[in-house]
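Single-structure report; data block below.
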Amino acid sequence: MTADVPAFGPTETFPCDESSTPFAVVTLSVTVTREQLRAALAIGHAELAGEPPLAELTVTDTRREIEGYLAGAAIFSSDAELQAADASLSADQAAELDAAIDRAYTRRELTPLKTQQPLYRDGTVTLQTLDHGEVVLPEPAWCTGHDSDTVGTLDEVTHNGRHVRAGSIGSHGYVDFLDAFVTHAPYLVQRPEPHPVVSVNLDLNADVDPDGVGRVAHGLRAAALRLERLAAEARHLRNGGQA
């Protein structure tokens, strides 16, 4: 019945009591009516003395007010019953309840990540995997190796080429804003990747003077040229060539 109803949130995590020690974050999905949304927003906005005006609320602000009211109302209701519920429990009942909570909400100990110890031989690499044990895989000549990789599942095995960077000189010295490289994850199952692709990471956010703009423009031109070369390299590899 709710399959076609759009879902939103959670926008943020609301603390039940800032003086207590958090144990777990429980996320709920609750279907509400327009009238319930309107009432929650009206009450939440009134608690802020009507500021900022409703017309100036961002989408995030609106959702935060509604979710905050609904979460607060739920916590207030549960707190009203908390002391009575605790007083009615025997020691054995409390222990059983805590055991059930520990099973459901206590984080399992994570297995420490192990670093790969690859063995390279005749165009192949031997790697350890969590789901297939030791595997021998083709190792393309353009791959920079797996010595810093951690042991994961077979579908996580990725071949990465040399990193290409570009940047500009700013008030804090030279800063990279482009990091790109040829990459291939040939064993993906959910989203198969039959051919190498180019990973492009751009990060540029600065206020600069006119001379600085010129330096940024120079860096962007260099970045464009280097990306075009990487694209040509990836296209060559897709056509069966070797880097």
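By convention here, the chains of the structure tokens are called A, B, ... in the order presented, each chain's residues are numbered starting at 1, and ligands are numbered starting at 1 in the order presented.
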**Prompt:** Using only C-alpha atoms, which residues sit within 12 Å of A:His132 once same-chain residues fewer than 3 positions away are excluded, as a ChimeraX atom specification?
**Reply:** /A:126-129,135-137,151-157
Could those selected residues go to a file with C-alpha atoms, as a tab-separated table (two decimals), in the first residue's frame?
```
chain	number	residue	atom	x	y	z
A	126	THR	CA	48.57	-13.78	-6.91
A	127	LEU	CA	46.27	-12.19	-4.34
A	128	GLN	CA	44.34	-13.28	-1.25
A	129	THR	CA	40.55	-12.85	-1.18
A	135	VAL	CA	43.61	-16.41	-6.71
A	136	VAL	CA	45.90	-15.93	-9.67
A	137	LEU	CA	44.72	-13.07	-11.87
A	151	VAL	CA	42.53	-8.18	1.48
A	152	GLY	CA	38.89	-8.05	0.41
A	153	THR	CA	36.47	-9.94	-1.79
A	154	LEU	CA	37.25	-10.81	-5.40
A	155	ASP	CA	34.90	-8.14	-6.76
A	156	GLU	CA	36.91	-5.50	-4.85
A	157	VAL	CA	40.12	-6.27	-6.77
```
**Request:** Mind listing the alpha helix (DSSP H) residues of stretch 23-106 of chain A, per DSSP on the backbone, as a ChimeraX atom specification?
**Result:** /A:34-46,59-87,91-105
**Message:** as a ChimeraX atom specification, please: every residue in stretch 99-229 of chain A that DSSP puts in strand (DSSP E or B).
**Reply:** /A:115,119-121,124-129,133-138,150,152,159-160,164-170,173-184,197-202
**Request:** Would you list the contacts of A:Arg229 as number ranges by chain, taking every protein, DNA or RNA residue within 12 Å and counting only C-alpha atoms, but skipping same-chain residues closer than 6 positions in sequence?
**Result:** A: 164, 180-182, 198, 222-223, 235-236, 243
Next, dump the selected residues to file, keeping only N, CA, C and O atoms, as a short mmCIF file (atom, residue, chain, number, x, y, z; two decimals), in the first residue's frame.
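Contents of again.cif, freshly written:
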```cif
data_model
loop_
_atom_site.label_atom_id
_atom_site.label_comp_id
_atom_site.auth_asym_id
_atom_site.auth_seq_id
_atom_site.Cartn_x
_atom_site.Cartn_y
_atom_site.Cartn_z
N VAL A 164 47.56 11.05 -12.43
CA VAL A 164 47.87 12.28 -13.16
C VAL A 164 47.26 13.43 -12.38
O VAL A 164 46.07 13.39 -12.03
N ALA A 180 43.57 12.11 -11.36
CA ALA A 180 42.88 11.20 -12.28
C ALA A 180 43.79 10.03 -12.62
O ALA A 180 45.02 10.15 -12.59
N PHE A 181 43.17 8.90 -12.93
CA PHE A 181 43.94 7.71 -13.29
C PHE A 181 43.03 6.71 -13.98
O PHE A 181 41.81 6.70 -13.79
N VAL A 182 43.64 5.86 -14.79
CA VAL A 182 42.92 4.75 -15.42
C VAL A 182 42.70 3.67 -14.37
O VAL A 182 43.60 3.36 -13.58
N VAL A 198 38.22 5.88 -16.58
CA VAL A 198 39.08 6.92 -16.02
C VAL A 198 38.41 7.47 -14.77
O VAL A 198 37.28 7.95 -14.83
N ALA A 222 45.96 22.85 -18.24
CA ALA A 222 46.84 21.69 -18.09
C ALA A 222 46.04 20.46 -17.71
O ALA A 222 46.29 19.35 -18.22
N ALA A 223 45.05 20.64 -16.82
CA ALA A 223 44.21 19.51 -16.42
C ALA A 223 43.45 18.95 -17.61
O ALA A 223 43.34 17.72 -17.78
N ARG A 235 41.06 4.58 -24.06
CA ARG A 235 40.48 4.14 -25.33
C ARG A 235 41.39 3.11 -25.99
O ARG A 235 40.93 2.11 -26.54
N HIS A 236 42.71 3.35 -25.91
CA HIS A 236 43.69 2.41 -26.48
C HIS A 236 43.61 1.06 -25.76
O HIS A 236 43.62 0.00 -26.40
N ALA A 243 49.42 -0.29 -22.40
CA ALA A 243 49.96 1.03 -22.08
C ALA A 243 51.48 1.01 -22.13
O ALA A 243 52.10 -0.02 -21.85
#
```
**Request:** Please measure the separation of atom CA of A:Gly240 and atom CA of A:His195, giving the value in Å to one decimal.
**Result:** 9.8 Å
**Item:** Residue neighbourhood A:Phe14, 10 Å, only C-alpha atoms, exclusion window fewer than 4 positions, as a list of chain:residue names
**Value:** A:Pro10, A:Glu18, A:Val25, A:Arg64, A:Glu67, A:Gly68, A:Tyr69, A:Ala71, A:Gly72
Residue selection dump (N, CA and C atoms) as a PDB file, in the first residue's frame:
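What landed in out.pdb:
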```pdb
ATOM      1  N   PRO A  10      16.395   9.777   7.126  1.00  0.00           N
ATOM      2  CA  PRO A  10      16.487  10.845   8.127  1.00  0.00           C
ATOM      3  C   PRO A  10      17.446  11.956   7.716  1.00  0.00           C
ATOM      4  N   GLU A  18      20.858  14.580  25.886  1.00  0.00           N
ATOM      5  CA  GLU A  18      22.254  14.977  25.746  1.00  0.00           C
ATOM      6  C   GLU A  18      23.092  14.623  26.968  1.00  0.00           C
ATOM      7  N   VAL A  25      21.847   4.046  17.294  1.00  0.00           N
ATOM      8  CA  VAL A  25      20.965   4.900  16.491  1.00  0.00           C
ATOM      9  C   VAL A  25      19.930   3.999  15.837  1.00  0.00           C
ATOM     10  N   ARG A  64      14.141  18.939   8.764  1.00  0.00           N
ATOM     11  CA  ARG A  64      14.706  18.854  10.113  1.00  0.00           C
ATOM     12  C   ARG A  64      13.668  19.209  11.177  1.00  0.00           C
ATOM     13  N   GLU A  67      11.024  16.214  11.279  1.00  0.00           N
ATOM     14  CA  GLU A  67      11.589  14.997  11.859  1.00  0.00           C
ATOM     15  C   GLU A  67      11.941  15.205  13.325  1.00  0.00           C
ATOM     16  N   GLY A  68      12.426  16.406  13.640  1.00  0.00           N
ATOM     17  CA  GLY A  68      12.769  16.699  15.028  1.00  0.00           C
ATOM     18  C   GLY A  68      11.552  16.646  15.932  1.00  0.00           C
ATOM     19  N   TYR A  69      10.429  17.200  15.475  1.00  0.00           N
ATOM     20  CA  TYR A  69       9.214  17.151  16.293  1.00  0.00           C
ATOM     21  C   TYR A  69       8.740  15.710  16.469  1.00  0.00           C
ATOM     22  N   ALA A  71      10.434  12.927  16.224  1.00  0.00           N
ATOM     23  CA  ALA A  71      11.365  12.171  17.065  1.00  0.00           C
ATOM     24  C   ALA A  71      11.212  12.582  18.528  1.00  0.00           C
ATOM     25  N   GLY A  72      11.096  13.898  18.769  1.00  0.00           N
ATOM     26  CA  GLY A  72      10.946  14.383  20.141  1.00  0.00           C
ATOM     27  C   GLY A  72       9.677  13.888  20.790  1.00  0.00           C
TER      28      GLY A  72
END
```
**Item:** Test item: residues at most 7 Å from A:Pro138, only C-alpha atoms, excluding those fewer than 3 positions along its chain, as a list in words
**Value:**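 Within the cut-off, the hits are Gly123, Thr124 and Val125 of chain A.
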May I have the selected residues written with N, CA and C atoms, as an mmCIF file, in the first residue's frame?
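Saved to out.cif:
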```
data_model
loop_
_atom_site.group_PDB
_atom_site.id
_atom_site.type_symbol
_atom_site.label_atom_id
_atom_site.label_comp_id
_atom_site.auth_asym_id
_atom_site.auth_seq_id
_atom_site.Cartn_x
_atom_site.Cartn_y
_atom_site.Cartn_z
ATOM 1 N N GLY A 123 53.085 -11.744 -16.057
ATOM 2 C CA GLY A 123 51.842 -11.072 -16.416
ATOM 3 C C GLY A 123 50.662 -11.421 -15.533
ATOM 4 N N THR A 124 50.934 -12.045 -14.364
ATOM 5 C CA THR A 124 49.852 -12.377 -13.432
ATOM 6 C C THR A 124 50.196 -11.839 -12.049
ATOM 7 N N VAL A 125 49.198 -11.819 -11.177
ATOM 8 C CA VAL A 125 49.414 -11.462 -9.788
ATOM 9 C C VAL A 125 48.618 -12.440 -8.930
#
```
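The coordinates place atom CA of A:Val26 at 29.5 Å from atom CA of A:Ala49.
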**Item:** Which of A:Arg63, A:Ser88, A:Asp149, A:Ser29 sits closest to A:Leu41 [using only C-alpha atoms]
**Value:**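 Going through A:Arg63, A:Ser88, A:Asp149, A:Ser29 one by one, the smallest distance to A:Leu41 is for A:Arg63.
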**Item:** 12 Å contact set for A:Arg38, only C-alpha atoms, chain neighbours under 3 positions out, as a PyMOL selection string
**Value:** chain A and resi 32-35+41-45+54+62-63+65-67+69-70
**Asked** For A:Gly9, which residue among A:Ser90, A:Thr21, A:Thr27, A:Thr115 is the nearest when counting only C-alpha atoms?
**Response** A:Thr27
**Message:** Can you pull out the residues contacting A:Ala185? Cut-off 7 Å, using only C-alpha atoms, and skip same-chain residues under 6 positions away; I want them as a list in words.
**Reply:**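 Selected residues are Val157, Thr158, His159 and Glu193 of chain A.
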Selected residues written out, all heavy atoms, as a short mmCIF file (atom, residue, chain, number, x, y, z; two decimals), in the first residue's frame:
```
data_model
loop_
_atom_site.label_atom_id
_atom_site.label_comp_id
_atom_site.auth_asym_id
_atom_site.auth_seq_id
_atom_site.Cartn_x
_atom_site.Cartn_y
_atom_site.Cartn_z
N VAL A 157 38.80 -6.36 -6.14
CA VAL A 157 40.12 -6.27 -6.77
C VAL A 157 40.05 -5.25 -7.91
O VAL A 157 39.23 -5.35 -8.81
CB VAL A 157 40.58 -7.63 -7.31
CG1 VAL A 157 41.88 -7.47 -8.10
CG2 VAL A 157 40.78 -8.62 -6.16
N THR A 158 40.92 -4.24 -7.84
CA THR A 158 40.92 -3.15 -8.81
C THR A 158 42.33 -2.89 -9.30
O THR A 158 43.28 -2.84 -8.51
CB THR A 158 40.34 -1.87 -8.19
OG1 THR A 158 39.05 -2.15 -7.65
CG2 THR A 158 40.23 -0.76 -9.22
N HIS A 159 42.46 -2.72 -10.61
CA HIS A 159 43.73 -2.32 -11.20
C HIS A 159 43.72 -0.81 -11.39
O HIS A 159 42.81 -0.27 -12.02
CB HIS A 159 43.94 -3.01 -12.55
CG HIS A 159 43.93 -4.51 -12.48
ND1 HIS A 159 44.88 -5.22 -11.80
CD2 HIS A 159 43.07 -5.41 -13.00
CE1 HIS A 159 44.61 -6.52 -11.90
NE2 HIS A 159 43.52 -6.66 -12.62
N GLU A 193 32.06 -4.07 -15.01
CA GLU A 193 32.96 -3.09 -15.62
C GLU A 193 33.87 -3.84 -16.59
O GLU A 193 35.00 -4.18 -16.26
CB GLU A 193 33.76 -2.40 -14.51
CG GLU A 193 34.45 -1.11 -14.92
CD GLU A 193 35.06 -0.42 -13.72
OE1 GLU A 193 34.33 0.34 -13.05
OE2 GLU A 193 36.25 -0.66 -13.45
#
```
**Message:** As an exercise, work out the distance from atom CA of A:Gly214 to atom CA of A:Ile169 in Å and give it to one decimal place.
**Reply:** 10.2 Å
